[in-house]
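Okay, structure first, notes after.
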Amino acid sequence: MLEQEIQNKISDFRESGLPDYIPREGKIHQAKNTVSTIIGARRAGKSYRALQFADELLKEGVIKSLRQVCPIDFDNPILSEMKAGEIKNIAGVFLKMNPEFELNTPLVFIFDEIHKIKGWELAVIDLSKKSNWKIIVTGSSSKLLRDDIATELRGKSISSIVYPLNFREFLKFKRFEGDEASTKSQAEIKRHFDAYLKWGGYPAMADTEDASKPALLREYFDTMILRDILQRYDVSKPNVCTHLCRFLLSNIARPATIQSVYDYIKESGFTTSRDAVRDYIHWARDSWLLFLVDIFSKSHKEQERNYKKVYCVDWGLACFNSPIWDGSFSRAFENMIFLQLIRSHARLHFYLTKTKRQEVDFVALGRNGRPELAVQVCMDISRKETLKRELEPLITTAKYFGIKENLLITLNHEEKFHEDGVTVNSVPAWKWLVQNSGEMSPHFDPVLGL
């Protein structure tokens, strides 16, 4: 039955061919005899990105036909029961179906959601040893990149992360083809930006009727909670875990500690422990629901002592699954900027100035471990006191670390500020997002705040 299911999947792909897709930005990283992993949250577009990669190989002449592509989705009642030792049988079935393939024929194996198979790593590494075979692995578990990944895969894989759409991709999905320099096009871009800010960046948000979007975002959350957390980790108190996740979604772009979350759960009438709270948060991060951002400090003790800031993989998901959302877009706005920054800056923190302990929303570290970019996020800086509140810590931080690139990202305001030898560029979010693709890069740690 297993062999027949594999044959069916291969035959189905050959019959239907590549699905229609809108190209995503960023490269899929690859190296010889190395497994390429594509990971990210559910519904972010990992499977389509893997097939886009196969299409890119076809266009580049690496493969001559899609018959050289073997896509297998393990999110399947039969295939998910496969034993790790049986994974090699996939290649055997594929070759049996293609007797014309020679030993040096380039082949591409795409294994979707393979993390469902316990001990899959060794089997995949064995396949990757074939010099002309490319092995692409996708999954919604960040364990594919985390420190607790199986030892066997360390040094033998290279990873790429697929997030929900960035704004440039969102414009493509909306079929926008205008010139961003023209007044008419800018008006259309701003209209699309308003939708992007309201609904988030999941690909389906680009072509779903507004009336159906809240239900779809709730369905995404329910599936992520049930399949990626409650079932995967056999959570003994599912109501407590779900309540905690909803609470954290209500608090994106806000400080959080284990103690503050524990206190909230107790005040809500649930019985739990700090260790359980820590586990729930860890699992939510591992499933790409949440990110926790640390303070920037060279002292590990200070990082542990200070609060962390919470962000969601998609601000639309957070807004429409929060029991106590305040109706404001300001925190969704900051979450949106966070997701753009994390695409291209793997080491991202917030910062508190030394004397006044004023917060800078984001500092991104360079290769030398020092801050190279400082960013404040504020929708409206029209009030003098607001502008002062945002600029003062930014300028202090820029002077202290010698940061040359300093941004104040707003909803509509554009201006250059010069103070104490520091230049701060205030830029509208829509313009900054259009100008920054957020190129995918190998990630030091996809789930911050470890």
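Each chain of the structure tokens is named A, B, ... in the order shown, its residues numbered from 1; ligands are numbered from 1 in display order.
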**OP:** as a list in words, list the residues of range 93-203 of chain A assigned to strand (DSSP E) by DSSP on the backbone atoms of this structure.
**Re:**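 DSSP on the backbone gives strand (DSSP E) at Leu107, Val108, Phe109, Ile110, Phe111, Asp112, Trp133, Lys134, Ile135, Ile136, Val137, Thr138, Gly139, Ser157, Ile158, Ser159, Ser160 and Ile161 of chain A.
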Residues of range 258-311 of chain A within 7 Å of range 338-357 of chain A: nearest atom pair and distance (Å, one decimal) for each, counting only C-alpha atoms, sorted by chain and number, as a Markdown table?
| residue | atom | partner | partner_atom | distance |
| --- | --- | --- | --- | --- |
| A:Val293 | CA | A:His349 | CA | 5.7 |
| A:Asp294 | CA | A:His349 | CA | 5.4 |
| A:Ile295 | CA | A:Phe350 | CA | 4.9 |
| A:Phe296 | CA | A:His349 | CA | 5.3 |
Residue selection dump (N, CA and C atoms) as a short mmCIF file (atom, residue, chain, number, x, y, z; two decimals), in the first residue's frame:
data_model
loop_
_atom_site.label_atom_id
_atom_site.label_comp_id
_atom_site.auth_asym_id
_atom_site.auth_seq_id
_atom_site.Cartn_x
_atom_site.Cartn_y
_atom_site.Cartn_z
N VAL A 293 11.78 38.53 21.47
CA VAL A 293 12.99 39.30 21.16
C VAL A 293 13.65 39.75 22.45
N ASP A 294 14.94 39.49 22.57
CA ASP A 294 15.73 39.85 23.75
C ASP A 294 16.23 41.28 23.68
N ILE A 295 16.56 41.82 24.84
CA ILE A 295 17.30 43.07 24.91
C ILE A 295 18.70 42.84 24.35
N PHE A 296 19.28 43.88 23.74
CA PHE A 296 20.66 43.76 23.31
C PHE A 296 21.56 44.05 24.50
#
**OP:** Kindly give the distance, in Å, that separates CA of Asn104 in chain A and CA of Val62 in chain A, rounded to a single decimal.
**Re:**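 We find that CA of Asn104 in chain A and CA of Val62 in chain A lie 12.1 Å from each other.
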Subject >> Shortest interatomic distance to Ser65 in chain A - which of A:Leu18, A:Cys245, A:Val363, A:Arg389, counting only C-alpha atoms >> reply: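 Using only C-alpha atoms, the shortest distance to Ser65 in chain A belongs to A:Leu18.
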Original post:
Using only C-alpha atoms, which of the listed residues (A:Glu3, A:Lys116, A:Val108, A:Asn8) sits closest to Ile90 in chain A?
Top reply: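 Closest to Ile90 in chain A of all the choices is A:Glu3.
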Original post:
If we count only C-alpha atoms, what is near range 210-213 of chain A at a cut-off of 12 Å, once residues fewer than 2 positions away on the same chain are taken out, given as an MDAnalysis selection string?
Top reply: chainID A and resid 195:196 198:208 215:220 316:317 319:321
Could you take the residues named above and write them with C-alpha atoms, as a CSV table (one decimal), in the first residue's frame?
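Dumped everything to part13.csv:
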chain,number,residue,atom,x,y,z
A,195,ALA,CA,-5.3,46.2,3.3
A,196,TYR,CA,-1.9,44.7,4.1
A,198,LYS,CA,-5.4,45.3,8.3
A,199,TRP,CA,-5.3,41.7,7.2
A,200,GLY,CA,-1.7,40.7,7.3
A,201,GLY,CA,0.6,38.9,4.8
A,202,TYR,CA,-0.7,35.4,4.5
A,203,PRO,CA,-0.9,34.7,0.7
A,204,ALA,CA,-4.6,33.9,0.9
A,205,MET,CA,-5.3,37.4,2.2
A,206,ALA,CA,-4.5,38.8,-1.2
A,207,ASP,CA,-7.4,37.1,-3.0
A,208,THR,CA,-10.0,36.3,-0.4
A,215,ALA,CA,-12.9,33.2,9.6
A,216,LEU,CA,-9.9,32.1,7.6
A,217,LEU,CA,-7.4,33.7,10.0
A,218,ARG,CA,-9.2,32.0,12.9
A,219,GLU,CA,-9.0,28.7,11.1
A,220,TYR,CA,-5.3,29.1,10.6
A,316,GLY,CA,-3.4,39.8,11.0
A,317,LEU,CA,-3.4,36.4,12.7
A,319,CYS,CA,-5.5,40.7,15.6
A,320,PHE,CA,-8.3,38.3,14.7
A,321,ASN,CA,-7.4,35.7,17.3
Subject >> Neighbour list for Leu244 in chain A as a list in words, cut-off 8 Å, only C-alpha atoms, skip fewer than 3 positions in-chain >> reply: Val240, Cys241, Phe247, Leu248, Val261, Ile265, Val277 and Tyr280 of chain A
Subject >> Selection: 7 Å around Lys134 in chain A, only C-alpha atoms, excl. self and same-chain fewer than 5 positions, as a list in words >> reply: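 After dropping sequence-adjacent residues, the list is Leu107, Val108, Phe109 and Ser128 of chain A.
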**OP:** Going by DSSP on the backbone, which bits of range 123-372 of chain A are alpha helix (DSSP H)? Write them as a PyMOL selection string, please.
**Re:** chain A and resi 123-128+167-173+183-199+213-223+238-249+258-267+274-286+300-305+315-319+330-344
Original post:
Between A:Glu81, A:Asp275, A:Glu5, A:Asp420, which one has atoms that come closest to Phe94 in chain A, using only C-alpha atoms?
Top reply: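 Residue with the minimum atom-to-atom distance to Phe94 in chain A: A:Glu5.
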Original post:
Between CA of Gln68 in chain A and CA of Ile135 in chain A, what is the distance, to one decimal in Å?
Top reply: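 According to the coordinates, CA of Gln68 in chain A and CA of Ile135 in chain A are separated by 12.1 Å.
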